file work_12.csv (CSV, C-alpha atoms)
chain,number,residue,atom,x,y,z
X,127,MET,CA,7.5,-106.6,-303.4
X,128,ALA,CA,9.8,-103.5,-303.7
X,129,ILE,CA,12.6,-105.6,-302.3
X,130,ARG,CA,12.2,-108.7,-304.5
X,131,LEU,CA,11.2,-107.1,-307.8
X,132,GLY,CA,12.9,-103.7,-307.3
X,133,ARG,CA,11.2,-100.4,-307.3
X,134,LYS,CA,10.4,-100.3,-311.0
X,135,GLY,CA,9.4,-104.0,-311.1
X,136,ALA,CA,7.0,-103.5,-308.2
X,137,LEU,CA,5.4,-100.5,-310.0
X,138,LEU,CA,5.0,-102.4,-313.3
X,139,MET,CA,3.4,-105.4,-311.4
X,140,ASN,CA,1.1,-102.9,-309.7
X,141,ASN,CA,-0.1,-101.5,-313.0
X,142,ILE,CA,-1.0,-105.0,-314.2
X,143,ILE,CA,-3.1,-105.4,-311.0
X,144,ALA,CA,-4.8,-102.0,-311.7
X,145,ILE,CA,-5.7,-103.1,-315.3
X,146,LEU,CA,-7.1,-106.4,-314.1
X,147,ALA,CA,-9.1,-104.7,-311.4
X,148,SER,CA,-10.5,-102.2,-314.0
X,149,VAL,CA,-11.5,-105.0,-316.4
X,150,LEU,CA,-13.3,-106.9,-313.6
X,151,MET,CA,-15.2,-103.9,-312.4
X,152,GLY,CA,-16.0,-102.8,-315.9
X,153,ILE,CA,-17.6,-106.1,-317.0
X,154,SER,CA,-19.4,-106.6,-313.6
X,155,PHE,CA,-22.4,-104.5,-314.6
X,156,PRO,CA,-23.0,-105.8,-318.2
X,157,THR,CA,-22.6,-109.4,-317.1
X,158,GLY,CA,-24.6,-109.0,-313.8
X,159,LEU,CA,-21.8,-110.7,-311.9
X,160,PHE,CA,-21.3,-108.3,-309.0
X,161,GLU,CA,-18.8,-110.7,-307.4
X,162,LEU,CA,-16.5,-109.3,-310.1
X,163,LEU,CA,-17.1,-105.8,-308.8
X,164,ILE,CA,-16.1,-106.9,-305.2
X,165,ALA,CA,-13.0,-108.7,-306.5
X,166,GLY,CA,-12.0,-105.7,-308.6
X,167,ARG,CA,-12.6,-103.3,-305.7
X,168,PHE,CA,-10.4,-105.6,-303.5
X,169,LEU,CA,-7.6,-105.5,-306.2
X,170,ILE,CA,-7.9,-101.7,-306.4
X,171,GLY,CA,-7.3,-101.6,-302.6
X,172,ILE,CA,-4.1,-103.6,-303.1
X,173,ASN,CA,-3.1,-101.4,-306.0
X,174,SER,CA,-3.6,-98.2,-304.0
X,175,GLY,CA,-1.7,-99.5,-301.0
X,176,VAL,CA,1.3,-100.7,-303.1
X,177,GLY,CA,1.3,-97.5,-305.2
X,178,LEU,CA,1.2,-95.2,-302.2
X,179,CYS,CA,4.3,-97.0,-300.8
X,180,VAL,CA,6.4,-97.7,-303.8
X,181,GLN,CA,6.0,-94.5,-305.8
X,182,PRO,CA,7.3,-92.1,-303.1
X,183,LEU,CA,10.0,-94.7,-302.3
X,184,TYR,CA,11.2,-94.7,-305.9
X,185,ILE,CA,11.1,-91.0,-306.3
X,186,GLY,CA,12.7,-90.3,-303.0
X,187,GLU,CA,15.6,-92.5,-303.9
X,188,VAL,CA,16.3,-91.2,-307.4
X,189,ALA,CA,16.0,-87.5,-306.5
X,190,PRO,CA,19.0,-85.3,-305.7
X,191,LYS,CA,18.8,-84.0,-302.2
X,192,HIS,CA,18.2,-80.3,-303.2
X,193,LEU,CA,15.1,-81.4,-305.2
X,194,ARG,CA,14.0,-84.4,-303.2
X,195,GLY,CA,11.1,-82.7,-301.4
X,196,GLY,CA,9.6,-81.3,-304.6
X,197,MET,CA,10.0,-84.5,-306.5
X,198,ALA,CA,8.6,-86.6,-303.7
X,199,MET,CA,5.6,-84.3,-303.6
X,200,GLY,CA,4.9,-85.4,-307.2
X,201,SER,CA,3.0,-88.4,-305.9
X,202,SER,CA,0.6,-86.2,-303.9
X,203,ILE,CA,0.2,-83.7,-306.7
X,204,PHE,CA,-0.8,-86.4,-309.2
X,205,LEU,CA,-2.9,-88.2,-306.6
X,206,THR,CA,-5.0,-85.1,-305.9
X,207,GLY,CA,-5.1,-84.4,-309.6
X,208,GLY,CA,-6.5,-87.9,-310.1
X,209,ILE,CA,-9.1,-87.4,-307.4
X,210,LEU,CA,-10.2,-84.1,-309.1
X,211,ALA,CA,-10.3,-85.8,-312.5
X,212,GLY,CA,-12.4,-88.6,-311.0
X,213,GLN,CA,-14.8,-86.0,-309.5
X,214,ILE,CA,-15.1,-84.3,-312.9
X,215,VAL,CA,-15.7,-87.4,-315.0
X,216,GLY,CA,-18.0,-88.7,-312.3
X,217,LEU,CA,-20.5,-85.9,-312.9
X,218,ARG,CA,-23.9,-87.1,-314.2
X,219,GLU,CA,-23.4,-85.2,-317.4
X,220,LEU,CA,-20.2,-87.1,-318.2
X,221,LEU,CA,-19.8,-90.7,-316.9
X,222,GLY,CA,-21.8,-90.4,-313.7
X,223,GLY,CA,-25.0,-91.6,-315.4
X,224,GLU,CA,-26.0,-95.3,-314.7
X,225,ALA,CA,-25.6,-96.2,-318.3
X,226,TYR,CA,-21.9,-95.2,-318.2
X,227,TRP,CA,-20.9,-96.8,-314.9
X,228,PRO,CA,-19.0,-99.6,-316.6
X,229,LEU,CA,-16.8,-97.0,-318.4
X,230,LEU,CA,-16.4,-95.0,-315.2
X,231,LEU,CA,-15.3,-98.1,-313.2
X,232,SER,CA,-12.9,-99.2,-315.9
X,233,SER,CA,-11.4,-95.8,-316.6
X,234,SER,CA,-8.5,-96.4,-314.1
X,235,CYS,CA,-6.9,-98.7,-316.7
X,236,PHE,CA,-5.8,-95.7,-318.8
X,237,PRO,CA,-3.1,-94.3,-316.5
X,238,ALA,CA,-2.0,-97.9,-315.7
X,239,PHE,CA,-1.6,-98.6,-319.5
X,240,ALA,CA,0.4,-95.3,-319.7
X,241,GLN,CA,2.8,-96.4,-317.0
X,242,LEU,CA,3.2,-99.8,-318.5
X,243,LEU,CA,4.1,-98.1,-321.8
X,244,PHE,CA,6.6,-95.5,-320.4
X,245,LEU,CA,8.0,-96.9,-317.2
X,246,PRO,CA,10.2,-99.6,-318.8
X,247,TRP,CA,12.2,-96.7,-320.4
X,248,PHE,CA,13.1,-95.4,-316.9
X,249,PRO,CA,16.1,-96.8,-315.0
X,250,GLU,CA,15.9,-98.7,-311.7
X,251,SER,CA,16.6,-96.8,-308.5
X,252,PRO,CA,20.4,-96.3,-308.3
X,253,ARG,CA,20.4,-96.7,-304.5
X,254,TYR,CA,18.6,-100.0,-304.8
X,255,LEU,CA,21.0,-101.2,-307.5
X,256,LEU,CA,24.2,-100.5,-305.5
X,257,ILE,CA,23.2,-100.9,-301.9
X,258,ASP,CA,20.7,-103.8,-302.2
X,259,ARG,CA,22.1,-105.5,-305.3
X,260,GLY,CA,25.7,-104.5,-305.3
X,261,ASP,CA,25.6,-103.7,-309.0
X,262,GLU,CA,27.9,-100.7,-309.3
X,263,LEU,CA,27.9,-100.7,-313.2
X,264,ARG,CA,24.1,-100.5,-313.5
X,265,CYS,CA,24.0,-98.0,-310.7
X,266,ALA,CA,26.4,-95.7,-312.6
X,267,LYS,CA,24.5,-96.2,-315.8
X,268,ALA,CA,21.2,-95.3,-314.1
X,269,LEU,CA,22.7,-92.2,-312.5
X,270,LYS,CA,24.0,-91.0,-315.9
X,271,GLN,CA,20.5,-91.3,-317.2
X,272,PHE,CA,19.1,-89.3,-314.4
X,273,HIS,CA,21.8,-86.7,-313.9
X,274,GLY,CA,23.9,-86.7,-317.1
X,275,SER,CA,27.5,-87.9,-317.6
X,276,SER,CA,29.0,-84.8,-316.2
X,277,GLU,CA,26.9,-84.5,-313.0
X,278,TYR,CA,26.4,-88.1,-311.8
X,279,GLN,CA,29.7,-88.5,-309.8
X,280,LYS,CA,28.6,-86.5,-306.8
X,281,GLU,CA,25.4,-88.6,-306.4
X,282,MET,CA,27.5,-91.7,-306.9
X,283,GLU,CA,29.8,-90.7,-304.0
X,284,ASP,CA,26.8,-90.0,-301.8
X,285,ILE,CA,25.3,-93.5,-302.5
X,286,GLN,CA,28.7,-95.1,-301.9
X,287,GLN,CA,29.1,-93.4,-298.5
X,288,GLU,CA,25.7,-94.7,-297.5
X,289,CYS,CA,26.5,-98.2,-298.8
X,290,PHE,CA,29.8,-98.2,-296.8
X,291,ALA,CA,28.0,-96.9,-293.6
X,292,LEU,CA,25.5,-99.7,-293.9
X,293,ASN,CA,28.4,-102.2,-294.0
X,294,GLY,CA,26.5,-104.8,-296.1
X,295,GLU,CA,23.3,-104.6,-294.0
X,296,LYS,CA,20.5,-106.5,-295.7
X,297,PRO,CA,17.0,-105.1,-296.2
X,298,ARG,CA,15.1,-105.3,-293.0
X,299,LYS,CA,11.7,-106.9,-292.4
X,300,PRO,CA,8.9,-104.7,-290.9
X,301,TRP,CA,8.9,-106.6,-287.6
X,302,GLN,CA,12.7,-106.2,-287.2
X,303,LEU,CA,12.3,-102.4,-287.0
X,304,PHE,CA,10.3,-102.7,-283.8
X,305,THR,CA,13.3,-104.2,-282.0
X,306,ASP,CA,16.0,-102.1,-283.6
X,307,ARG,CA,17.2,-99.2,-281.3
X,308,ALA,CA,18.8,-97.5,-284.3
X,309,VAL,CA,15.4,-96.6,-285.8
X,310,ARG,CA,13.3,-96.3,-282.6
X,311,TRP,CA,12.5,-92.6,-282.9
X,312,GLN,CA,12.1,-92.8,-286.7
X,313,LEU,CA,9.5,-95.5,-286.3
X,314,ILE,CA,7.7,-93.6,-283.6
X,315,ILE,CA,7.6,-90.5,-285.8
X,316,VAL,CA,6.2,-92.5,-288.8
X,317,ILE,CA,3.5,-94.0,-286.6
X,318,VAL,CA,2.5,-90.7,-285.1
X,319,MET,CA,2.5,-88.8,-288.4
X,320,THR,CA,0.6,-91.4,-290.3
X,321,MET,CA,-2.1,-91.8,-287.6
X,322,GLY,CA,-2.2,-88.0,-287.3
X,323,GLN,CA,-2.7,-87.6,-291.0
X,324,GLN,CA,-5.7,-90.0,-291.0
X,325,LEU,CA,-7.2,-88.9,-287.7
X,326,SER,CA,-6.8,-85.2,-288.3
X,327,GLY,CA,-10.4,-84.6,-289.1
X,328,ILE,CA,-10.1,-84.4,-292.9
X,329,ASN,CA,-12.7,-87.2,-293.3
X,330,ALA,CA,-15.0,-85.3,-290.9
X,331,ILE,CA,-14.7,-82.3,-293.1
X,332,TYR,CA,-15.9,-84.2,-296.1
X,333,PHE,CA,-18.7,-85.8,-294.0
X,334,TYR,CA,-20.0,-82.3,-293.0
X,335,ALA,CA,-19.4,-80.7,-296.4
X,336,THR,CA,-22.8,-81.6,-298.0
X,337,TYR,CA,-24.7,-80.5,-294.9
X,338,ILE,CA,-22.9,-77.2,-294.7
X,339,PHE,CA,-23.4,-76.5,-298.4
X,340,GLU,CA,-27.1,-77.1,-298.0
X,341,GLN,CA,-27.3,-74.7,-295.1
X,342,ALA,CA,-25.5,-72.1,-297.2
X,343,GLY,CA,-28.4,-72.3,-299.6
X,344,ILE,CA,-26.8,-74.3,-302.4
X,345,LEU,CA,-29.3,-76.5,-304.2
X,346,ALA,CA,-28.9,-80.2,-303.8
X,347,GLU,CA,-28.3,-80.8,-307.5
X,348,LYS,CA,-25.6,-78.1,-307.5
X,349,ILE,CA,-23.6,-79.6,-304.6
X,350,PRO,CA,-21.6,-82.0,-306.8
X,351,TYR,CA,-20.2,-79.0,-308.7
X,352,VAL,CA,-19.3,-77.2,-305.4
X,353,THR,CA,-17.6,-80.4,-304.2
X,354,LEU,CA,-15.3,-80.0,-307.2
X,355,GLY,CA,-13.9,-77.0,-305.3
X,356,THR,CA,-12.7,-79.3,-302.5
X,357,GLY,CA,-10.8,-81.5,-305.0
X,358,ALA,CA,-9.4,-78.3,-306.7
X,359,CYS,CA,-8.2,-77.1,-303.2
X,360,GLU,CA,-6.4,-80.3,-302.6
X,361,CYS,CA,-4.7,-80.2,-306.0
X,362,LEU,CA,-3.8,-76.6,-305.6
X,363,THR,CA,-2.2,-76.9,-302.2
X,364,ALA,CA,-0.3,-80.1,-303.2
X,365,LEU,CA,1.2,-78.1,-306.1
X,366,THR,CA,2.0,-75.2,-303.8
X,367,CYS,CA,3.6,-77.5,-301.2
X,368,GLY,CA,5.7,-79.0,-304.0
X,369,LEU,CA,7.0,-75.6,-305.0
X,370,LEU,CA,7.7,-74.5,-301.4
X,371,ILE,CA,9.0,-77.6,-299.7
X,372,ASP,CA,12.6,-77.3,-300.8
X,373,TYR,CA,12.7,-73.6,-299.9
X,374,VAL,CA,10.7,-73.3,-296.7
X,375,GLY,CA,11.5,-76.8,-295.3
X,376,ARG,CA,9.5,-79.7,-294.1
X,377,ARG,CA,9.1,-78.7,-290.5
X,378,TYR,CA,7.6,-75.3,-291.1
X,379,LEU,CA,5.0,-76.6,-293.6
X,380,ILE,CA,3.8,-79.6,-291.7
X,381,ILE,CA,3.7,-77.8,-288.3
X,382,GLY,CA,2.0,-74.8,-289.9
X,383,GLY,CA,-0.5,-77.1,-291.6
X,384,TYR,CA,-1.5,-78.8,-288.3
X,385,LEU,CA,-1.7,-75.5,-286.5
X,386,LEU,CA,-3.9,-74.0,-289.2
X,387,MET,CA,-6.1,-77.1,-289.1
X,388,THR,CA,-6.4,-76.6,-285.3
X,389,LEU,CA,-7.5,-73.0,-285.9
X,390,TRP,CA,-10.2,-73.9,-288.5
X,391,SER,CA,-11.5,-76.7,-286.3
X,392,ILE,CA,-12.1,-74.1,-283.6
X,393,VAL,CA,-13.9,-71.8,-286.2
X,394,LEU,CA,-16.0,-74.7,-287.5
X,395,THR,CA,-17.0,-75.7,-284.0
X,396,PHE,CA,-18.3,-72.2,-283.3
X,397,SER,CA,-19.9,-71.7,-286.7
X,398,LEU,CA,-21.7,-75.1,-286.6
X,399,THR,CA,-23.0,-74.3,-283.1
X,400,TYR,CA,-24.5,-71.0,-284.3
X,401,GLN,CA,-25.3,-72.2,-287.8
X,402,GLU,CA,-29.0,-71.3,-287.5
X,403,LEU,CA,-28.8,-68.0,-285.6
X,404,TYR,CA,-27.4,-65.8,-288.3
X,405,SER,CA,-27.8,-66.0,-292.0
X,406,TRP,CA,-24.1,-65.4,-292.7
X,407,VAL,CA,-22.8,-68.1,-290.4
X,408,PRO,CA,-23.2,-71.0,-293.0
X,409,TYR,CA,-20.9,-69.1,-295.3
X,410,VAL,CA,-18.3,-68.9,-292.5
X,411,SER,CA,-18.6,-72.7,-292.2
X,412,MET,CA,-18.3,-73.2,-295.9
X,413,ALA,CA,-15.1,-71.0,-296.0
X,414,SER,CA,-13.7,-72.9,-293.1
X,415,ILE,CA,-14.1,-76.2,-294.9
X,416,PHE,CA,-12.1,-75.0,-297.9
X,417,ALA,CA,-9.5,-73.4,-295.5
X,418,PHE,CA,-9.2,-76.7,-293.6
X,419,ILE,CA,-8.6,-78.7,-296.8
X,420,LEU,CA,-6.1,-76.1,-298.0
X,421,SER,CA,-4.2,-76.4,-294.7
X,422,PHE,CA,-4.2,-80.2,-294.8
X,423,GLY,CA,-2.8,-80.2,-298.4
X,424,LEU,CA,-0.2,-77.7,-297.5
X,425,GLY,CA,1.3,-79.8,-294.7
X,426,PRO,CA,0.2,-83.2,-293.5
X,427,GLY,CA,-1.3,-84.3,-296.9
X,428,GLY,CA,2.0,-84.4,-298.8
X,429,ILE,CA,4.9,-84.1,-296.4
X,430,THR,CA,4.1,-87.2,-294.3
X,431,ASN,CA,5.2,-89.5,-297.2
X,432,THR,CA,8.2,-87.3,-298.0
X,433,LEU,CA,9.5,-87.5,-294.4
X,434,THR,CA,9.0,-91.3,-294.3
X,435,ALA,CA,11.5,-91.6,-297.3
X,436,GLU,CA,14.0,-89.2,-295.7
X,437,ILE,CA,14.3,-90.3,-292.1
X,438,PHE,CA,15.3,-94.0,-292.9
X,439,VAL,CA,18.4,-95.4,-294.6
X,440,GLN,CA,18.2,-97.8,-297.5
X,441,SER,CA,18.0,-101.0,-295.5
X,442,SER,CA,15.0,-99.9,-293.4
X,443,ARG,CA,13.1,-97.7,-295.9
X,444,PRO,CA,10.9,-100.3,-297.7
X,445,ALA,CA,9.9,-101.9,-294.3
X,446,ALA,CA,9.1,-98.4,-292.9
X,447,TYR,CA,6.8,-97.7,-295.9
X,448,MET,CA,5.1,-101.1,-295.3
X,449,ILE,CA,4.5,-100.2,-291.6
X,450,ALA,CA,3.3,-96.7,-292.6
X,451,GLY,CA,0.9,-98.1,-295.2
X,452,THR,CA,-0.5,-100.6,-292.7
X,453,ILE,CA,-1.0,-97.9,-290.0
X,454,SER,CA,-2.6,-95.6,-292.5
X,455,TRP,CA,-5.2,-98.2,-293.6
X,456,ILE,CA,-5.9,-99.3,-290.0
X,457,SER,CA,-6.4,-95.6,-289.0
X,458,PHE,CA,-8.6,-95.0,-292.0
X,459,PHE,CA,-10.7,-98.1,-291.2
X,460,THR,CA,-10.9,-97.1,-287.5
X,461,ILE,CA,-12.1,-93.6,-288.1
X,462,GLY,CA,-14.6,-94.9,-290.6
X,463,MET,CA,-16.1,-97.2,-288.1
X,464,LEU,CA,-16.0,-94.8,-285.1
X,465,PHE,CA,-16.8,-91.5,-286.8
X,466,PRO,CA,-20.6,-92.0,-287.0
X,467,PHE,CA,-20.7,-92.7,-283.3
X,468,ILE,CA,-18.5,-89.7,-282.6
X,469,VAL,CA,-20.9,-87.5,-284.6
X,470,ASN,CA,-24.0,-88.9,-283.0
X,471,GLY,CA,-22.5,-88.4,-279.5
X,472,LEU,CA,-20.8,-85.0,-279.9
X,473,LYS,CA,-22.5,-83.5,-282.9
X,474,GLN,CA,-20.6,-80.4,-284.1
X,475,TYR,CA,-18.3,-80.7,-281.1
X,476,CYS,CA,-16.6,-83.6,-282.7
X,477,PHE,CA,-14.1,-81.1,-284.1
X,478,VAL,CA,-12.9,-80.5,-280.5
X,479,VAL,CA,-11.4,-84.0,-280.7
X,480,PHE,CA,-9.7,-83.2,-284.0
X,481,LEU,CA,-8.3,-79.8,-282.9
X,482,LEU,CA,-6.8,-81.5,-279.9
X,483,GLU,CA,-5.2,-84.2,-282.1
X,484,CYS,CA,-3.9,-81.6,-284.6
X,485,SER,CA,-2.3,-79.5,-281.8
X,486,LEU,CA,-0.7,-82.5,-280.1
X,487,VAL,CA,0.8,-83.8,-283.4
X,488,ALA,CA,2.1,-80.3,-284.2
X,489,ALA,CA,3.8,-80.1,-280.7
X,490,PHE,CA,5.3,-83.6,-281.2
X,491,ILE,CA,6.8,-82.7,-284.6
X,492,PHE,CA,8.1,-79.4,-283.2
X,493,VAL,CA,10.0,-81.2,-280.4
X,494,VAL,CA,11.2,-84.4,-282.1
X,495,ILE,CA,11.6,-84.0,-285.9
X,496,PRO,CA,14.7,-82.3,-287.3
X,497,GLU,CA,14.7,-80.4,-290.5
X,498,THR,CA,15.7,-82.7,-293.4
X,499,LYS,CA,15.9,-80.1,-296.2
X,500,ASN,CA,19.1,-80.3,-298.3
X,501,ARG,CA,20.5,-83.1,-296.1
X,502,SER,CA,21.8,-86.5,-297.3
X,503,PHE,CA,20.3,-89.6,-295.8
X,504,LEU,CA,23.5,-90.2,-293.7
X,505,GLU,CA,23.3,-86.6,-292.3
X,506,ILE,CA,19.7,-87.2,-291.3
X,507,LYS,CA,20.7,-90.5,-289.8
X,508,LYS,CA,23.3,-88.8,-287.6
X,509,GLU,CA,20.6,-86.5,-286.2
X,510,PHE,CA,18.5,-89.4,-285.2
X,511,ASP,CA,21.5,-91.3,-283.7
X,512,LYS,CA,21.6,-88.5,-281.1
X,513,LEU,CA,18.0,-89.3,-280.2
X,514,ASN,CA,18.3,-93.1,-280.4
X,515,PHE,CA,21.7,-93.5,-278.6
X,516,GLY,CA,22.3,-90.3,-276.7
X,517,ARG,CA,25.9,-90.4,-275.3
X,518,ASN,CA,26.9,-93.4,-277.3
X,519,THR,CA,26.5,-91.5,-280.6
X,520,LYS,CA,30.1,-90.1,-280.5
X,521,LYS,CA,31.5,-93.6,-280.0
X,522,LYS,CA,29.5,-94.9,-283.0
X,523,GLU,CA,30.7,-92.0,-285.2
X,524,THR,CA,34.4,-92.8,-284.1
X,525,GLU,CA,34.0,-96.4,-285.1
X,526,LEU,CA,32.5,-95.4,-288.4
X,527,TYR,CA,35.3,-93.0,-289.1
X,528,GLU,CA,37.9,-95.7,-288.3
X,529,ARG,CA,36.2,-98.2,-290.6
X,530,ARG,CA,36.1,-95.6,-293.4
X,531,HIS,CA,39.8,-94.7,-292.9
X,532,LEU,CA,40.8,-98.3,-293.1
X,533,HIS,CA,38.7,-98.7,-296.2
X,534,ASP,CA,40.4,-95.7,-297.9
X,535,GLU,CA,43.8,-97.0,-297.0
X,536,PHE,CA,42.9,-100.4,-298.4
X,537,LEU,CA,41.9,-98.8,-301.7
X,538,LYS,CA,45.2,-96.9,-301.9
X,539,ILE,CA,47.2,-100.1,-301.4
X,540,SER,CA,45.1,-101.9,-304.0
X,541,VAL,CA,45.8,-99.1,-306.5
call {"tool": "encode", "arguments": {"input": "work_12.csv", "output": "structure tokens"}}
result
Amino acid sequence: MAIRLGRKGALLMNNIIAILASVLMGISFPTGLFELLIAGRFLIGINSGVGLCVQPLYIGEVAPKHLRGGMAMGSSIFLTGGILAGQIVGLRELLGGEAYWPLLLSSSCFPAFAQLLFLPWFPESPRYLLIDRGDELRCAKALKQFHGSSEYQKEMEDIQQECFALNGEKPRKPWQLFTDRAVRWQLIIVIVMTMGQQLSGINAIYFYATYIFEQAGILAEKIPYVTLGTGACECLTALTCGLLIDYVGRRYLIIGGYLLMTLWSIVLTFSLTYQELYSWVPYVSMASIFAFILSFGLGPGGITNTLTAEIFVQSSRPAAYMIAGTISWISFFTIGMLFPFIVNGLKQYCFVVFLLECSLVAAFIFVVIPETKNRSFLEIKKEFDKLNFGRNTKKKETELYERRHLHDEFLKISV
């Protein structure tokens, strides 16, 4: 969709899907046609999948490299903000009562309407316009809108260099990436990071949250209000990560996030084991839940999508997001199916599985992934060429230099 319609066109179409889904779910209760609820929920699933792929793709392509991390984190910031807003309006005192369910289910149409109203005024991705469409005039016009008439030239040169390096390469299909040696390690990284994000134990934390809150003495009717704290934690850490990512770097944040999640998994295993021995232990468990969520939001929660945009060049990026989205939903479905059996079998020791997973992913990232802060897409590609081609990297760089030199000489002759 992002290839055929463009980034902006795909987002506009996705908002139409969101509005249709909201209408179907909203009228399902008054009409008694619960088939509409199922259809609407299915469309919302499509809407979420497309949105989580195309939004960071668009933002990652339009952002200057020194602000790319913070701008790409915007998707996570507003996603967590939307979750928190949903938790608030879903309280029984607001729209959580049975009489207001149609309003609650159809409320997602409001941000979709807002995007349909304002998004047409934004330009298309300049990289998409030049590299995929070959439209240099529209690319320059879009860059001027984003960066101003006096600052756009540097970004234009960066896009032209990437366009020349790709040498007319067309957008790749997802299955083509699996046979392309040039993106072998990038693909492995995306698969490991995406699976690591979903299988990190964050869903187990939410599963145990109600039980731990009850053990801490919180009344059942008050637990929804305490749960707002988990949504606020995610929103706060996404915002903090957005402020830090272009200063601290991607590697430190994501590795640190996984290591902290490993630590809190250990603490939770012990606190849940001795939950009933001491009166203060449930409070340790409750604090560990919030600390785990904070650690997740500071690293894996937001940086995974950002890195997916950065480690691929233009021709492979949309296909990489499609693969990442598919892996994410498969992992989410798998953990949803298996987690009840894991809990029944291991009880509180289920967090041992997650701490092992978090520590292994942290080690993998430390060994394999280079820092991408303040680097162009071509500079990042050169780093991965060393992994993908080894000794042949120098030869490829020499060929690229010769092609670029011939290109420059041709331009001089033309002038």
call {"tool": "closest_residue", "arguments": {"input": "work_12.csv", "among": "X:Ser397, X:Val478, X:Ser202, X:Pro350", "to": "Tyr409 (chain X)", "atoms": "all atoms listed in the file"}}
result
X:Ser397
call {"tool": "residues_around", "arguments": {"input": "work_12.csv", "residues": "Ile142 (chain X)", "least_positions_apart": "5", "cutoff": "10 Å", "atoms": "only C-alpha atoms", "output": "list in words"}}
result
Leu137, Ala147, Ser148, Asn173, Cys235, Ala238, Phe239, Gln241 and Leu242 of chain X
call {"tool": "atom_distance", "arguments": {"input": "work_12.csv", "atom1": "CA of Phe416 (chain X)", "atom2": "CA of Tyr351 (chain X)"}}
result
14.1 Å
call {"tool": "residues_around", "arguments": {"input": "work_12.csv", "residues": "Leu385 (chain X)", "least_positions_apart": "3", "cutoff": "12 Å", "atoms": "only C-alpha atoms", "output": "VMD selection string"}}
result
chain X and resid 326 377 to 382 388 to 392 418 421 to 422 424 to 426 480 to 492
call {"tool": "atom_distance", "arguments": {"input": "work_12.csv", "atom1": "CA of Lys267 (chain X)", "atom2": "CA of Gln440 (chain X)"}}
result
19.4 Å
call {"tool": "closest_atom_pairs", "arguments": {"input": "work_12.csv", "of": "region 341-438 of chain X", "to": "region 469-475 of chain X", "cutoff": "9 Å", "atoms": "only C-alpha atoms", "output": "CSV"}}
result
residue,atom,partner,partner_atom,distance
X:Leu394,CA,X:Gln474,CA,8.1
X:Thr395,CA,X:Gln474,CA,5.9
X:Phe396,CA,X:Gln474,CA,8.6
X:Leu398,CA,X:Gln474,CA,6.0
X:Thr399,CA,X:Gln474,CA,6.6
call {"tool": "write_last_selection", "arguments": {"input": "work_12.csv", "atoms": "C-alpha atoms", "output": "JSON list (two decimals), in the frame of the given file"}}
result
[["chain", "number", "residue", "atom", "x", "y", "z"],
["X", 394, "LEU", "CA", -16.00, -74.70, -287.50],
["X", 395, "THR", "CA", -17.00, -75.70, -284.00],
["X", 396, "PHE", "CA", -18.30, -72.20, -283.30],
["X", 398, "LEU", "CA", -21.70, -75.10, -286.60],
["X", 399, "THR", "CA", -23.00, -74.30, -283.10]]
call {"tool": "atom_distance", "arguments": {"input": "work_12.csv", "atom1": "CA of Asn500 (chain X)", "atom2": "CA of Lys191 (chain X)"}}
result
5.4 Å
call {"tool": "residues_around", "arguments": {"input": "work_12.csv", "residues": "Phe339 (chain X)", "least_positions_apart": "3", "cutoff": "9 Å", "atoms": "all atoms listed in the file", "output": "VMD selection string"}}
result
chain X and resid 334 to 336 342 to 346 349 352 408 to 409 411 to 412
call {"tool": "closest_residue", "arguments": {"input": "work_12.csv", "among": "X:Thr430, X:Gly260, X:Glu436, X:Thr498", "to": "Tyr373 (chain X)", "atoms": "only C-alpha atoms"}}
result
X:Thr498
call {"tool": "closest_atom_pairs", "arguments": {"input": "work_12.csv", "of": "region 281-317 of chain X", "to": "region 449-462 of chain X", "cutoff": "10 Å", "atoms": "all atoms listed in the file", "output": "Markdown table"}}
result
| residue | atom | partner | partner_atom | distance |
| --- | --- | --- | --- | --- |
| X:Lys299 | CA | X:Ile449 | CA | 9.9 |
| X:Pro300 | CA | X:Ile449 | CA | 6.3 |
| X:Trp301 | CA | X:Ile449 | CA | 8.7 |
| X:Leu303 | CA | X:Ile449 | CA | 9.3 |
| X:Leu313 | CA | X:Ile449 | CA | 8.7 |
| X:Val316 | CA | X:Ala450 | CA | 6.4 |
| X:Ile317 | CA | X:Ala450 | CA | 6.6 |
call {"tool": "axis_aligned_box", "arguments": {"input": "work_12.csv", "around": "region 255-262 of chain X", "padding_each_side": "6 Å", "output": "JSON"}}
result
{"center_x": 24.3, "center_y": -103.0, "center_z": -305.6, "size_x": 19.2, "size_y": 17.0, "size_z": 19.4}
call {"tool": "closest_residue", "arguments": {"input": "work_12.csv", "among": "X:Thr206, X:Thr356, X:Ile338, X:Ile214", "to": "Val407 (chain X)", "atoms": "only C-alpha atoms"}}
result
X:Ile338
call {"tool": "residues_around", "arguments": {"input": "work_12.csv", "residues": "Gly132 (chain X)", "least_positions_apart": "5", "cutoff": "9 Å", "atoms": "all atoms listed in the file", "output": "PyMOL selection string"}}
result
chain X and resi 127+137+250-251+254-255
call {"tool": "closest_residue", "arguments": {"input": "work_12.csv", "among": "X:Ala308, X:Leu245, X:Ile153, X:Cys359", "to": "Tyr184 (chain X)", "atoms": "only C-alpha atoms"}}
result
X:Leu245
call {"tool": "closest_residue", "arguments": {"input": "work_12.csv", "among": "X:Ile415, X:Phe290, X:Pro246, X:Pro156", "to": "Leu231 (chain X)", "atoms": "only C-alpha atoms"}}
result
X:Pro156
call {"tool": "residues_near_point", "arguments": {"input": "work_12.csv", "point": "(15.8, -78.4, -291.0)", "cutoff": "8 Å", "atoms": "only C-alpha atoms", "output": "mmCIF file with C-alpha atoms, in the frame of the given file"}}
result
data_model
loop_
_atom_site.group_PDB
_atom_site.id
_atom_site.type_symbol
_atom_site.label_atom_id
_atom_site.label_comp_id
_atom_site.auth_asym_id
_atom_site.auth_seq_id
_atom_site.Cartn_x
_atom_site.Cartn_y
_atom_site.Cartn_z
ATOM 1 C CA GLY X 375 11.500 -76.800 -295.300
ATOM 2 C CA ARG X 376 9.500 -79.700 -294.100
ATOM 3 C CA ARG X 377 9.100 -78.700 -290.500
ATOM 4 C CA PRO X 496 14.700 -82.300 -287.300
ATOM 5 C CA GLU X 497 14.700 -80.400 -290.500
ATOM 6 C CA THR X 498 15.700 -82.700 -293.400
ATOM 7 C CA LYS X 499 15.900 -80.100 -296.200
#
